[in-house]
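Notes for the one structure printed next.
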Amino acid sequence: MTPVQKQPRPAIAAPAHRKPTEVMDAAGPRVCDDMSVEVALSVMTAACADRRVGCDHDDQGTGLVTRTELAAVRDSPAYTDSVRSRDILSDHAPFTSPAATMAEAGHAMCPRRLGALPVVDDQGKALGVLALSC
């Protein structure tokens, strides 16, 4: 089996009029909120993803989870395999809409110093994660 090397993605200039769906990382494999921390870490590692939108059993976005957060919980002395990803999801807000502009998404992210913002549709279904530098 030949290892695959991933090329870094070039930085995308995100003019204010563009939509989040044009520059977001697609949702990819789901991190369900009932997954154990170990399973969620495995899913994210296999997907080479640093962050994902956590989803409930109806595929509704419930928060943002990062590989760093999951690893910190797994490596803590209090960790047990009964800890679920829902236990460490960041708060449920804010999310952004695929219809929003990048300027609107930036206004939601920058004052809160968020590195990423989940993108969900009108029904709350997770579409991906938008990462911006503030």
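Every chain in the structure tokens has a letter given in the order shown (A, B, ...), and although residue numbers restart at 1 in each chain, ligands are simply numbered from 1 in the order shown.
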
Practice task
Considering only C-alpha atoms, return as a ChimeraX atom specification whatever protein or nucleic-acid residues lie within 9 Å of region 57-70 of chain A, sequence-local ones (same chain, fewer than 4 positions apart) excluded.
Solution key: /A:30-34,37-38,40-41,44-45,49-53,74-75,85-86,88-95,116-120,123-127,129

Could those residues be written to a file, using N, CA, C and O atoms, as a short mmCIF file (atom, residue, chain, number, x, y, z; two decimals), in the first residue's frame?
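Everything below was put into selection27.cif:
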data_model
loop_
_atom_site.label_atom_id
_atom_site.label_comp_id
_atom_site.auth_asym_id
_atom_site.auth_seq_id
_atom_site.Cartn_x
_atom_site.Cartn_y
_atom_site.Cartn_z
N ARG A 30 -19.21 12.20 9.91
CA ARG A 30 -19.90 12.82 11.04
C ARG A 30 -19.29 12.38 12.37
O ARG A 30 -18.88 11.24 12.55
N VAL A 31 -19.29 13.31 13.31
CA VAL A 31 -18.98 13.00 14.70
C VAL A 31 -20.31 13.10 15.43
O VAL A 31 -20.81 14.20 15.67
N CYS A 32 -20.91 11.96 15.69
CA CYS A 32 -22.20 11.93 16.36
C CYS A 32 -21.99 12.20 17.85
O CYS A 32 -21.00 11.76 18.42
N ASP A 33 -22.94 12.90 18.45
CA ASP A 33 -22.76 13.28 19.84
C ASP A 33 -22.83 12.10 20.81
O ASP A 33 -22.43 12.21 21.96
N ASP A 34 -23.27 10.92 20.33
CA ASP A 34 -23.29 9.76 21.21
C ASP A 34 -22.06 8.87 21.03
O ASP A 34 -21.94 7.84 21.69
N VAL A 37 -15.42 9.20 23.06
CA VAL A 37 -14.31 10.08 22.71
C VAL A 37 -13.33 9.34 21.81
O VAL A 37 -12.84 9.90 20.81
N GLU A 38 -13.04 8.08 22.12
CA GLU A 38 -12.10 7.29 21.30
C GLU A 38 -12.60 7.13 19.87
O GLU A 38 -11.84 7.28 18.92
N ALA A 40 -14.82 9.05 18.27
CA ALA A 40 -14.81 10.37 17.63
C ALA A 40 -13.39 10.74 17.20
O ALA A 40 -13.19 11.26 16.10
N LEU A 41 -12.41 10.47 18.05
CA LEU A 41 -11.01 10.74 17.68
C LEU A 41 -10.59 9.92 16.47
O LEU A 41 -9.91 10.42 15.57
N MET A 44 -12.12 11.43 13.30
CA MET A 44 -11.46 12.68 12.91
C MET A 44 -10.05 12.43 12.40
O MET A 44 -9.62 13.06 11.43
N THR A 45 -9.33 11.51 13.02
CA THR A 45 -7.98 11.18 12.57
C THR A 45 -8.02 10.56 11.18
O THR A 45 -7.24 10.95 10.30
N ALA A 49 -9.08 15.52 9.92
CA ALA A 49 -9.84 16.72 10.26
C ALA A 49 -9.46 17.19 11.66
O ALA A 49 -9.35 16.39 12.58
N ASP A 50 -9.25 18.49 11.80
CA ASP A 50 -8.96 19.07 13.11
C ASP A 50 -10.23 19.41 13.87
O ASP A 50 -10.21 19.50 15.09
N ARG A 51 -11.32 19.62 13.16
CA ARG A 51 -12.58 19.98 13.81
C ARG A 51 -13.74 19.49 12.96
O ARG A 51 -13.64 19.37 11.76
N ARG A 52 -14.82 19.21 13.65
CA ARG A 52 -16.05 18.77 12.99
C ARG A 52 -17.24 19.31 13.77
O ARG A 52 -17.15 19.60 14.96
N VAL A 53 -18.36 19.39 13.07
CA VAL A 53 -19.61 19.74 13.71
C VAL A 53 -20.14 18.47 14.35
O VAL A 53 -20.24 17.43 13.70
N ARG A 74 -9.41 12.53 26.55
CA ARG A 74 -8.94 11.14 26.58
C ARG A 74 -7.70 10.97 27.44
O ARG A 74 -7.54 9.99 28.15
N ASP A 75 -6.82 11.97 27.42
CA ASP A 75 -5.56 11.87 28.16
C ASP A 75 -5.68 12.32 29.61
O ASP A 75 -4.72 12.23 30.36
N SER A 85 -18.86 12.31 23.10
CA SER A 85 -18.47 13.58 22.49
C SER A 85 -19.44 14.69 22.88
O SER A 85 -19.03 15.85 23.00
N ARG A 86 -20.71 14.38 23.12
CA ARG A 86 -21.67 15.42 23.54
C ARG A 86 -21.26 16.07 24.85
O ARG A 86 -21.62 17.20 25.13
N ILE A 88 -18.41 17.11 25.65
CA ILE A 88 -17.37 18.14 25.49
C ILE A 88 -17.62 19.07 24.31
O ILE A 88 -16.79 19.92 24.02
N LEU A 89 -18.77 18.94 23.65
CA LEU A 89 -19.07 19.84 22.54
C LEU A 89 -19.10 21.27 23.03
O LEU A 89 -19.61 21.56 24.11
N SER A 90 -18.55 22.16 22.20
CA SER A 90 -18.65 23.57 22.55
C SER A 90 -20.11 23.98 22.51
O SER A 90 -20.96 23.25 22.00
N ASP A 91 -20.41 25.14 23.03
CA ASP A 91 -21.81 25.54 23.13
C ASP A 91 -22.50 25.50 21.77
O ASP A 91 -21.87 25.49 20.73
N HIS A 92 -23.82 25.48 21.80
CA HIS A 92 -24.62 25.30 20.59
C HIS A 92 -24.64 26.52 19.68
O HIS A 92 -25.18 26.46 18.60
N ALA A 93 -24.12 27.62 20.10
CA ALA A 93 -24.14 28.84 19.29
C ALA A 93 -22.74 29.40 19.23
O ALA A 93 -21.92 29.14 20.11
N PRO A 94 -22.40 30.13 18.26
CA PRO A 94 -23.22 30.44 17.10
C PRO A 94 -23.00 29.45 15.97
O PRO A 94 -21.99 28.75 15.93
N PHE A 95 -23.95 29.40 15.10
CA PHE A 95 -23.85 28.69 13.83
C PHE A 95 -24.02 29.75 12.76
O PHE A 95 -24.47 30.86 13.03
N ALA A 116 -13.41 28.85 14.39
CA ALA A 116 -14.24 28.12 13.43
C ALA A 116 -15.70 28.33 13.77
O ALA A 116 -16.05 28.60 14.92
N LEU A 117 -16.52 28.16 12.76
CA LEU A 117 -17.95 28.37 12.91
C LEU A 117 -18.68 27.27 12.14
O LEU A 117 -18.44 27.10 10.94
N PRO A 118 -19.54 26.50 12.79
CA PRO A 118 -20.30 25.48 12.07
C PRO A 118 -21.27 26.12 11.09
O PRO A 118 -21.87 27.16 11.38
N VAL A 119 -21.42 25.51 9.92
CA VAL A 119 -22.39 25.95 8.92
C VAL A 119 -23.50 24.91 8.90
O VAL A 119 -23.25 23.73 8.70
N VAL A 120 -24.75 25.38 9.15
CA VAL A 120 -25.90 24.49 9.15
C VAL A 120 -26.99 25.07 8.25
O VAL A 120 -27.07 26.29 8.08
N GLN A 123 -32.76 23.68 8.41
CA GLN A 123 -33.29 22.64 9.28
C GLN A 123 -32.30 22.23 10.37
O GLN A 123 -32.55 21.33 11.15
N GLY A 124 -31.12 22.88 10.39
CA GLY A 124 -30.11 22.58 11.40
C GLY A 124 -29.14 21.49 11.02
O GLY A 124 -28.28 21.11 11.81
N LYS A 125 -29.25 20.96 9.78
CA LYS A 125 -28.35 19.90 9.34
C LYS A 125 -26.95 20.46 9.11
O LYS A 125 -26.78 21.49 8.46
N ALA A 126 -25.95 19.78 9.64
CA ALA A 126 -24.57 20.22 9.52
C ALA A 126 -24.08 20.09 8.09
O ALA A 126 -24.19 19.04 7.47
N LEU A 127 -23.55 21.20 7.56
CA LEU A 127 -23.01 21.21 6.20
C LEU A 127 -21.49 21.26 6.18
O LEU A 127 -20.86 20.80 5.24
N VAL A 129 -17.69 23.21 8.25
CA VAL A 129 -17.07 24.12 9.21
C VAL A 129 -16.34 25.22 8.46
O VAL A 129 -15.58 24.95 7.53
#

Exercise for the section: Could you find all residues in region 19-134 of chain A that DSSP calls alpha helix (DSSP H) from the backbone, and write them as a PyMOL selection string? Expected result: chain A and resi 20-23+37-46+67-74+102-109

Problem - Nearest to Ala131 (chain A), chosen from A:Pro29, A:Pro98, A:Pro77, A:Gly115, with only C-alpha atoms counted in the distances - result: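 Using only C-alpha atoms, the shortest distance to Ala131 (chain A) belongs to A:Gly115.
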
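Among the candidates A:Lys19, A:Ser36, A:Met102, A:Asp122, the one nearest to Tyr79 (chain A) when counting only C-alpha atoms is A:Ser36.
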
Practice task
Write down as a PyMOL selection string the residues belonging to region 16-134 of chain A that are assigned strand (DSSP E or B) by DSSP computed on the backbone.
Solution key: chain A and resi 25-26+31-32+36+51-55+60-66+84+96+116-120+125-131

Problem - Among the residues A:Arg18, A:Thr101, A:Val39, A:Ala108, the one that comes closest to Ser82 (chain A) [using only C-alpha atoms] - result: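 So, comparing all the options, the nearest one is A:Val39.
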
Practice task
Kindly give the distance, in Å, that separates CA of Gly106 (chain A) and CA of Gly54 (chain A), rounded to a single decimal.
Solution key: 21.0 Å
